$ cat start-v9.cif   # mmCIF, C-alpha atoms and all ligand atoms
data_input
#
loop_
_atom_site.label_atom_id
_atom_site.label_comp_id
_atom_site.auth_asym_id
_atom_site.auth_seq_id
_atom_site.Cartn_x
_atom_site.Cartn_y
_atom_site.Cartn_z
CA MET A 1 53.65 -55.11 18.46
CA SER A 2 55.30 -51.77 18.93
CA LEU A 3 54.49 -48.53 20.65
CA THR A 4 53.65 -46.85 17.35
CA SER A 5 51.34 -49.66 16.25
CA ILE A 6 49.46 -49.49 19.57
CA GLN A 7 49.18 -45.70 19.23
CA GLY A 8 47.86 -46.24 15.71
CA ALA A 9 45.32 -48.80 16.88
CA ILE A 10 44.16 -46.40 19.61
CA ALA A 11 43.74 -43.60 17.05
CA ASP A 12 41.76 -45.94 14.76
CA SER A 13 39.49 -47.01 17.62
CA CYS A 14 38.87 -43.39 18.59
CA LEU A 15 38.03 -42.50 15.01
CA LYS A 16 35.60 -45.41 14.73
CA ALA A 17 33.94 -44.41 17.99
CA GLY A 18 33.70 -40.77 16.94
CA ARG A 19 35.99 -39.75 19.78
CA ALA A 20 38.97 -37.40 19.87
CA VAL A 21 42.31 -39.21 19.98
CA ASP A 22 43.51 -37.12 22.93
CA ASP A 23 40.51 -38.35 24.89
CA VAL A 24 42.39 -41.59 25.53
CA THR A 25 45.59 -41.83 27.57
CA LEU A 26 47.90 -44.75 26.85
CA ILE A 27 49.44 -46.07 30.05
CA ALA A 28 52.40 -48.28 29.11
CA VAL A 29 52.43 -50.95 31.82
CA SER A 30 56.10 -51.58 32.52
CA LYS A 31 55.84 -53.91 35.53
CA VAL A 32 58.45 -56.69 35.54
CA GLN A 33 59.97 -55.47 32.26
CA PRO A 34 63.74 -55.07 32.13
CA ASN A 35 64.97 -51.48 32.35
CA ALA A 36 66.51 -51.67 28.89
CA ARG A 37 63.09 -52.32 27.36
CA VAL A 38 61.52 -49.52 29.35
CA ALA A 39 64.29 -47.19 28.18
CA GLN A 40 63.49 -48.07 24.56
CA ILE A 41 59.94 -46.82 25.05
CA LEU A 42 61.18 -43.68 26.82
CA ASP A 43 63.61 -43.10 23.94
CA GLN A 44 60.62 -43.09 21.60
CA GLY A 45 59.19 -40.19 23.59
CA HIS A 46 56.52 -41.93 25.63
CA ARG A 47 56.12 -40.48 29.13
CA CYS A 48 53.14 -42.23 30.72
CA PHE A 49 53.68 -45.54 32.50
CA GLY A 50 51.92 -47.93 34.83
CA GLU A 51 53.29 -50.08 37.64
CA ASN A 52 51.64 -52.66 39.90
CA LYS A 53 53.85 -52.50 42.94
CA VAL A 54 54.94 -49.46 44.90
CA GLN A 55 58.27 -51.04 45.75
CA GLU A 56 59.08 -51.90 42.16
CA ALA A 57 58.05 -48.42 41.03
CA ALA A 58 60.18 -46.80 43.74
CA GLY A 59 63.20 -48.81 42.60
CA LYS A 60 62.80 -47.88 38.97
CA TRP A 61 61.27 -44.47 38.32
CA PRO A 62 63.35 -41.97 40.29
CA ALA A 63 66.38 -42.83 38.15
CA PHE A 64 64.36 -42.71 34.92
CA ARG A 65 63.01 -39.32 35.96
CA GLU A 66 66.54 -38.05 36.49
CA ALA A 67 67.51 -39.24 33.05
CA TYR A 68 64.36 -38.35 31.10
CA GLY A 69 62.61 -35.57 33.02
CA GLN A 70 58.92 -35.55 33.89
CA ILE A 71 57.18 -38.89 33.68
CA GLU A 72 53.54 -39.53 34.52
CA LEU A 73 53.29 -42.61 36.68
CA HIS A 74 50.07 -44.55 37.32
CA LEU A 75 49.83 -47.16 40.07
CA ILE A 76 47.45 -49.88 38.95
CA GLY A 77 48.03 -52.69 41.48
CA PRO A 78 46.45 -53.44 44.87
CA LEU A 79 47.57 -50.87 47.46
CA GLN A 80 48.19 -51.57 51.14
CA THR A 81 47.45 -48.66 53.48
CA ASN A 82 50.99 -48.74 54.84
CA LYS A 83 52.30 -48.06 51.31
CA ALA A 84 49.87 -45.23 50.62
CA ARG A 85 52.25 -42.40 51.51
CA GLN A 86 55.02 -43.73 49.27
CA ALA A 87 52.49 -44.30 46.49
CA MET A 88 51.25 -40.72 46.78
CA GLU A 89 54.80 -39.37 46.67
CA LEU A 90 55.65 -41.36 43.55
CA ALA A 91 52.57 -41.41 41.37
CA GLN A 92 50.35 -38.95 39.54
CA ALA A 93 47.45 -41.38 39.65
CA ILE A 94 46.30 -44.34 41.73
CA HIS A 95 43.77 -46.63 40.02
CA THR A 96 43.02 -48.97 42.88
CA LEU A 97 41.11 -47.11 45.55
CA ASP A 98 38.85 -49.96 46.63
CA ARG A 99 37.88 -49.69 50.31
CA PRO A 100 36.90 -47.15 52.97
CA LYS A 101 40.04 -47.66 55.07
CA LEU A 102 42.28 -46.81 52.13
CA ALA A 103 40.12 -43.78 51.33
CA THR A 104 40.40 -42.38 54.87
CA THR A 105 44.16 -43.03 54.90
CA ILE A 106 44.67 -41.24 51.57
CA ALA A 107 42.45 -38.36 52.70
CA ARG A 108 44.47 -37.92 55.89
CA LEU A 109 47.79 -38.07 54.01
CA ALA A 110 46.52 -35.65 51.37
CA GLN A 111 45.79 -33.10 54.13
CA GLU A 112 49.22 -33.62 55.59
CA MET A 113 51.12 -33.55 52.29
CA GLY A 114 49.04 -30.83 50.65
CA GLN A 115 48.74 -32.92 47.50
CA CYS A 116 46.98 -35.99 46.20
CA PRO A 117 47.31 -38.00 42.99
CA ASP A 118 44.27 -38.44 40.76
CA LEU A 119 42.23 -41.36 42.01
CA PHE A 120 40.25 -44.07 40.27
CA ILE A 121 37.93 -46.32 42.23
CA GLN A 122 38.37 -49.97 41.33
CA VAL A 123 35.12 -51.87 40.85
CA ASN A 124 35.12 -55.66 40.95
CA THR A 125 32.64 -55.91 38.08
CA GLY A 126 32.95 -59.71 37.89
CA GLU A 127 32.41 -60.04 41.66
CA GLU A 128 35.41 -62.38 41.81
CA ASP A 129 36.60 -63.42 45.26
CA GLN A 130 40.27 -63.19 44.41
CA LYS A 131 40.03 -59.75 42.87
CA ALA A 132 40.23 -56.36 44.57
CA GLY A 133 37.66 -53.65 44.02
CA CYS A 134 34.40 -52.65 45.59
CA LEU A 135 31.33 -54.61 44.52
CA PRO A 136 29.08 -52.98 41.90
CA ALA A 137 26.26 -52.83 44.46
CA ASP A 138 28.45 -50.84 46.86
CA ALA A 139 29.99 -48.56 44.25
CA ASP A 140 27.56 -45.62 44.40
CA THR A 141 27.91 -45.29 48.17
CA PHE A 142 31.67 -45.67 48.12
CA ILE A 143 32.05 -43.07 45.35
CA LYS A 144 29.88 -40.58 47.26
CA ASP A 145 31.77 -41.19 50.49
CA ALA A 146 35.14 -40.70 48.77
CA LEU A 147 33.99 -37.48 47.11
CA ALA A 148 32.65 -36.27 50.46
CA MET A 149 36.21 -36.66 51.81
CA ASP A 150 37.33 -34.20 49.11
CA LEU A 151 39.35 -36.90 47.39
CA PRO A 152 40.13 -36.17 43.72
CA VAL A 153 38.18 -39.12 42.31
CA ARG A 154 38.50 -38.87 38.53
CA GLY A 155 36.86 -42.10 37.51
CA LEU A 156 36.51 -45.85 37.82
CA MET A 157 38.72 -48.80 36.97
CA CYS A 158 38.02 -52.47 36.32
CA ILE A 159 39.78 -55.69 35.34
CA PRO A 160 37.24 -58.03 33.73
CA PRO A 161 37.38 -61.77 34.51
CA VAL A 162 39.75 -63.50 32.08
CA ASP A 163 37.15 -65.91 30.75
CA GLU A 164 34.29 -63.49 30.15
CA GLU A 165 33.34 -61.10 27.39
CA PRO A 166 35.00 -57.86 28.53
CA SER A 167 32.47 -55.57 26.84
CA LEU A 168 29.79 -56.43 29.43
CA HIS A 169 32.15 -55.34 32.20
CA PHE A 170 33.25 -52.18 30.38
CA ALA A 171 29.62 -51.22 29.78
CA LEU A 172 28.74 -51.80 33.44
CA LEU A 173 31.69 -49.67 34.59
CA ALA A 174 30.70 -46.89 32.18
CA LYS A 175 27.14 -46.98 33.48
CA ILE A 176 28.21 -46.69 37.13
CA ALA A 177 30.57 -43.82 36.26
CA ALA A 178 27.93 -41.92 34.28
CA ARG A 179 25.29 -42.07 37.00
CA ASN A 180 27.86 -40.73 39.49
CA GLY A 181 29.06 -37.93 37.23
CA LEU A 182 32.56 -39.38 36.81
CA LYS A 183 34.33 -38.93 33.47
CA GLY A 184 37.38 -41.19 33.80
CA LEU A 185 37.27 -44.84 32.78
CA SER A 186 40.43 -46.88 33.29
CA MET A 187 39.69 -50.03 31.33
CA GLY A 188 41.21 -52.10 28.55
CA MET A 189 44.50 -54.02 28.41
CA SER A 190 46.56 -55.55 25.59
CA SER A 191 43.84 -57.94 24.46
CA ASP A 192 40.82 -55.67 24.70
CA PHE A 193 41.77 -51.99 24.63
CA GLU A 194 39.98 -51.43 21.32
CA THR A 195 36.71 -52.72 22.77
CA ALA A 196 37.27 -50.58 25.85
CA ILE A 197 37.75 -47.44 23.75
CA ALA A 198 34.52 -48.17 21.87
CA LEU A 199 32.78 -48.27 25.25
CA GLY A 200 34.31 -45.03 26.54
CA ALA A 201 37.72 -45.82 28.07
CA THR A 202 39.75 -42.71 28.86
CA HIS A 203 42.80 -44.63 30.14
CA VAL A 204 43.96 -47.90 28.61
CA ARG A 205 46.58 -49.95 30.44
CA VAL A 206 48.66 -51.80 27.87
CA GLY A 207 51.66 -53.90 28.87
CA SER A 208 52.66 -56.96 26.89
CA ALA A 209 51.46 -55.62 23.53
CA ILE A 210 54.04 -52.83 23.86
CA PHE A 211 56.89 -54.49 25.75
CA GLY A 212 56.48 -58.14 24.83
CA ASP A 213 55.70 -60.93 27.28
CA ARG A 214 56.57 -60.43 30.93
CA ILE A 215 59.18 -62.89 32.10
CA TYR A 216 58.69 -63.59 35.79
CA GLU A 217 61.81 -64.80 37.55
CA GLN A 218 61.36 -67.76 39.88
C1 LIG B 301 49.55 -56.08 34.10
C2 LIG B 301 48.35 -55.23 34.06
C3 LIG B 301 47.92 -54.64 32.86
C4 LIG B 301 48.60 -54.86 31.53
O1 LIG B 301 48.28 -56.14 31.05
P1 LIG B 301 48.66 -56.60 29.55
O2 LIG B 301 47.76 -57.73 29.30
O3 LIG B 301 50.10 -56.96 29.59
O4 LIG B 301 48.40 -55.45 28.66
C5 LIG B 301 46.82 -53.79 32.91
N1 LIG B 301 46.17 -53.55 34.05
C6 LIG B 301 46.54 -54.11 35.22
C7 LIG B 301 45.78 -53.79 36.47
C8 LIG B 301 47.63 -54.98 35.26
O5 LIG B 301 47.98 -55.53 36.43
#
$ encode --input "start-v9.cif" --output "structure tokens" --more "lines below"
Ligand SMILES: *Cc1c(COP(=O)(O)O)cnc(C)c1O
Amino acid sequence: MSLTSIQGAIADSCLKAGRAVDDVTLIAVSKVQPNARVAQILDQGHRCFGENKVQEAAGKWPAFREAYGQIELHLIGPLQTNKARQAMELAQAIHTLDRPKLATTIARLAQEMGQCPDLFIQVNTGEEDQKAGCLPADADTFIKDALAMDLPVRGLMCIPPVDEEPSLHFALLAKIAARNGLKGLSMGMSSDFETAIALGATHVRVGSAIFGDRIYEQ
């Protein structure tokens, strides 16, 4: 697919759901993609991207920002506390706040730096052992604690289990967000962003459908 066809599909989904098109932000997930492919998307005017790893983002985006100007960067991968400062310097949003220790670290750094990216709390809706995120049962408390630290929590994020119907997970995430007064919902990837938009996604994270398959080097 192409950037324009994804943008068109997002607009269609918004229309069907009775939502405004500018209610949904398209995060083009550029992790692992060659710079030439990323540049093609920048050349088409897109300015909102997602990366999984702080190190990869740090190696890639400063140069693109020099060449293209302001770019909104979203970090969507697991974040170690010792990378938090670099993440906060690089990104406009972090989607993977998932534990108290990371929250206190970000709060301390935000004080020190006088700035903080928008934050999304990751919820492990499928309760999978291998996946990051707070458990649904712990979410209300964690959200309240993070807000009490004055952190700019904008919403919630989830990655549904690969072998389950994603709509159940999107609906659960939307329910937890609503009862905590949070508006942002980071949910939906290449295979399910239309479903996510129908269920209220405000940020969809689309990689391979825009850039093509990721080729991981051995
Ligand atoms: C890689 C990744 C995506 C994009 O996945 P695609 O299936 O390529 O669209 C979205 N969200 C997260 C957290 C990812 O790691």
$ residues_around --input "start-v9.cif" --residues "region 175-184 of chain A" --least-positions-apart "5" --cutoff "8 Å" --atoms "all atoms listed in the file" --output "list in words"
Phe120, Pro136, Ala139, Asp140, Ile143, Val153, Arg154, Gly155, Leu156, Ala201, Thr202 and His203 of chain A
$ residues_around --input "start-v9.cif" --residues "Gly50 (chain A)" --least-positions-apart "4" --cutoff "8 Å" --atoms "only C-alpha atoms" --output "list of chain:residue names"
A:Ile27, A:Ala28, A:Val29, A:Ser30, A:Lys31, A:Leu73, A:His74, A:Leu75, A:Ile76, A:Arg205
$ residues_near_ligand --input "start-v9.cif" --ligand "ligand LIG 301 (chain B)" --cutoff "6 Å" --atoms "all atoms listed in the file" --output "list in words"
Val29, Asn52, Ile76, Gly77, Met189, Ser190, Arg205, Val206, Gly207, Ser208 and Ala209 of chain A
$ residues_near_point --input "start-v9.cif" --point "(53.6, -41.4, 46.5)" --cutoff "12 Å" --atoms "only C-alpha atoms" --output "PyMOL selection string"
chain A and resi 53-55+57-58+61-62+73-75+79+81-94+106+109-110+113+115-118
$ atom_distance --input "start-v9.cif" --atom1 "CA of Leu119 (chain A)" --atom2 "CA of Asp138 (chain A)"
17.4 Å
$ atom_distance --input "start-v9.cif" --atom1 "CA of Ala132 (chain A)" --atom2 "CA of Thr96 (chain A)"
8.1 Å
$ decode --input "start-v9.cif" --residues "region 111-194 of chain A" --atoms "C-alpha atoms" --output "PDB file, in the first residue's frame"
ATOM      1  CA  GLN A 111      11.326  18.539  36.698  1.00  0.00           C
ATOM      2  CA  GLU A 112      14.978  18.769  35.831  1.00  0.00           C
ATOM      3  CA  MET A 113      14.513  19.367  32.102  1.00  0.00           C
ATOM      4  CA  GLY A 114      11.452  21.594  32.403  1.00  0.00           C
ATOM      5  CA  GLN A 115       9.689  19.590  29.706  1.00  0.00           C
ATOM      6  CA  CYS A 116       8.041  16.245  29.175  1.00  0.00           C
ATOM      7  CA  PRO A 117       6.726  14.462  26.088  1.00  0.00           C
ATOM      8  CA  ASP A 118       3.084  13.412  25.960  1.00  0.00           C
ATOM      9  CA  LEU A 119       2.699  10.071  27.675  1.00  0.00           C
ATOM     10  CA  PHE A 120       0.550   7.038  26.978  1.00  0.00           C
ATOM     11  CA  ILE A 121       0.254   4.259  29.522  1.00  0.00           C
ATOM     12  CA  GLN A 122       0.667   0.839  27.964  1.00  0.00           C
ATOM     13  CA  VAL A 123      -1.862  -1.739  29.133  1.00  0.00           C
ATOM     14  CA  ASN A 124      -1.183  -5.434  28.611  1.00  0.00           C
ATOM     15  CA  THR A 125      -4.793  -6.143  27.689  1.00  0.00           C
ATOM     16  CA  GLY A 126      -4.041  -9.766  26.751  1.00  0.00           C
ATOM     17  CA  GLU A 127      -2.171 -10.336  30.046  1.00  0.00           C
ATOM     18  CA  GLU A 128       0.667 -11.929  28.072  1.00  0.00           C
ATOM     19  CA  ASP A 129       3.821 -12.787  30.009  1.00  0.00           C
ATOM     20  CA  GLN A 130       6.176 -11.695  27.260  1.00  0.00           C
ATOM     21  CA  LYS A 131       4.503  -8.359  26.700  1.00  0.00           C
ATOM     22  CA  ALA A 132       5.106  -5.067  28.493  1.00  0.00           C
ATOM     23  CA  GLY A 133       2.314  -2.989  29.949  1.00  0.00           C
ATOM     24  CA  CYS A 134       0.503  -2.804  33.242  1.00  0.00           C
ATOM     25  CA  LEU A 135      -2.220  -5.376  33.823  1.00  0.00           C
ATOM     26  CA  PRO A 136      -5.818  -4.222  33.256  1.00  0.00           C
ATOM     27  CA  ALA A 137      -6.553  -4.791  36.959  1.00  0.00           C
ATOM     28  CA  ASP A 138      -3.725  -2.434  37.950  1.00  0.00           C
ATOM     29  CA  ALA A 139      -4.437   0.219  35.335  1.00  0.00           C
ATOM     30  CA  ASP A 140      -6.751   2.524  37.316  1.00  0.00           C
ATOM     31  CA  THR A 141      -4.296   2.810  40.197  1.00  0.00           C
ATOM     32  CA  PHE A 142      -1.295   3.288  37.940  1.00  0.00           C
ATOM     33  CA  ILE A 143      -3.063   5.991  35.909  1.00  0.00           C
ATOM     34  CA  LYS A 144      -4.057   7.862  39.083  1.00  0.00           C
ATOM     35  CA  ASP A 145      -0.542   7.599  40.507  1.00  0.00           C
ATOM     36  CA  ALA A 146       1.013   8.896  37.274  1.00  0.00           C
ATOM     37  CA  LEU A 147      -1.412  11.822  37.104  1.00  0.00           C
ATOM     38  CA  ALA A 148      -0.678  12.588  40.759  1.00  0.00           C
ATOM     39  CA  MET A 149       2.990  12.979  39.750  1.00  0.00           C
ATOM     40  CA  ASP A 150       1.858  15.710  37.324  1.00  0.00           C
ATOM     41  CA  LEU A 151       2.876  13.593  34.358  1.00  0.00           C
ATOM     42  CA  PRO A 152       1.202  14.590  31.073  1.00  0.00           C
ATOM     43  CA  VAL A 153      -0.685  11.326  30.590  1.00  0.00           C
ATOM     44  CA  ARG A 154      -2.720  11.756  27.397  1.00  0.00           C
ATOM     45  CA  GLY A 155      -4.081   8.274  27.010  1.00  0.00           C
ATOM     46  CA  LEU A 156      -3.558   4.528  26.854  1.00  0.00           C
ATOM     47  CA  MET A 157      -1.838   2.192  24.444  1.00  0.00           C
ATOM     48  CA  CYS A 158      -2.165  -1.528  23.731  1.00  0.00           C
ATOM     49  CA  ILE A 159      -0.828  -4.227  21.425  1.00  0.00           C
ATOM     50  CA  PRO A 160      -3.399  -7.037  21.215  1.00  0.00           C
ATOM     51  CA  PRO A 161      -2.208 -10.671  21.171  1.00  0.00           C
ATOM     52  CA  VAL A 162      -1.501 -11.734  17.586  1.00  0.00           C
ATOM     53  CA  ASP A 163      -3.937 -14.634  17.620  1.00  0.00           C
ATOM     54  CA  GLU A 164      -6.946 -12.909  19.161  1.00  0.00           C
ATOM     55  CA  GLU A 165      -9.726 -10.713  17.863  1.00  0.00           C
ATOM     56  CA  PRO A 166      -8.276  -7.217  18.345  1.00  0.00           C
ATOM     57  CA  SER A 167     -11.647  -5.510  18.791  1.00  0.00           C
ATOM     58  CA  LEU A 168     -12.081  -7.031  22.273  1.00  0.00           C
ATOM     59  CA  HIS A 169      -8.762  -5.520  23.325  1.00  0.00           C
ATOM     60  CA  PHE A 170      -9.494  -2.142  21.736  1.00  0.00           C
ATOM     61  CA  ALA A 171     -12.867  -2.012  23.482  1.00  0.00           C
ATOM     62  CA  LEU A 172     -11.293  -2.888  26.836  1.00  0.00           C
ATOM     63  CA  LEU A 173      -8.645  -0.183  26.410  1.00  0.00           C
ATOM     64  CA  ALA A 174     -11.312   2.381  25.478  1.00  0.00           C
ATOM     65  CA  LYS A 175     -13.330   1.442  28.552  1.00  0.00           C
ATOM     66  CA  ILE A 176     -10.369   1.856  30.922  1.00  0.00           C
ATOM     67  CA  ALA A 177      -9.500   5.212  29.326  1.00  0.00           C
ATOM     68  CA  ALA A 178     -13.071   6.518  29.544  1.00  0.00           C
ATOM     69  CA  ARG A 179     -13.513   5.693  33.221  1.00  0.00           C
ATOM     70  CA  ASN A 180     -10.232   7.498  33.963  1.00  0.00           C
ATOM     71  CA  GLY A 181     -11.085  10.570  31.904  1.00  0.00           C
ATOM     72  CA  LEU A 182      -8.339   9.962  29.331  1.00  0.00           C
ATOM     73  CA  LYS A 183      -8.996  10.905  25.707  1.00  0.00           C
ATOM     74  CA  GLY A 184      -6.024   9.391  23.867  1.00  0.00           C
ATOM     75  CA  LEU A 185      -6.121   5.844  22.530  1.00  0.00           C
ATOM     76  CA  SER A 186      -2.986   4.553  20.810  1.00  0.00           C
ATOM     77  CA  MET A 187      -4.208   1.385  19.151  1.00  0.00           C
ATOM     78  CA  GLY A 188      -4.323  -0.196  15.717  1.00  0.00           C
ATOM     79  CA  MET A 189      -1.493  -1.315  13.420  1.00  0.00           C
ATOM     80  CA  SER A 190      -1.292  -2.258   9.730  1.00  0.00           C
ATOM     81  CA  SER A 191      -3.710  -5.163   9.992  1.00  0.00           C
ATOM     82  CA  ASP A 192      -6.327  -3.650  12.277  1.00  0.00           C
ATOM     83  CA  PHE A 193      -6.220   0.153  12.263  1.00  0.00           C
ATOM     84  CA  GLU A 194      -9.685   0.400  10.709  1.00  0.00           C
TER      85      GLU A 194
END
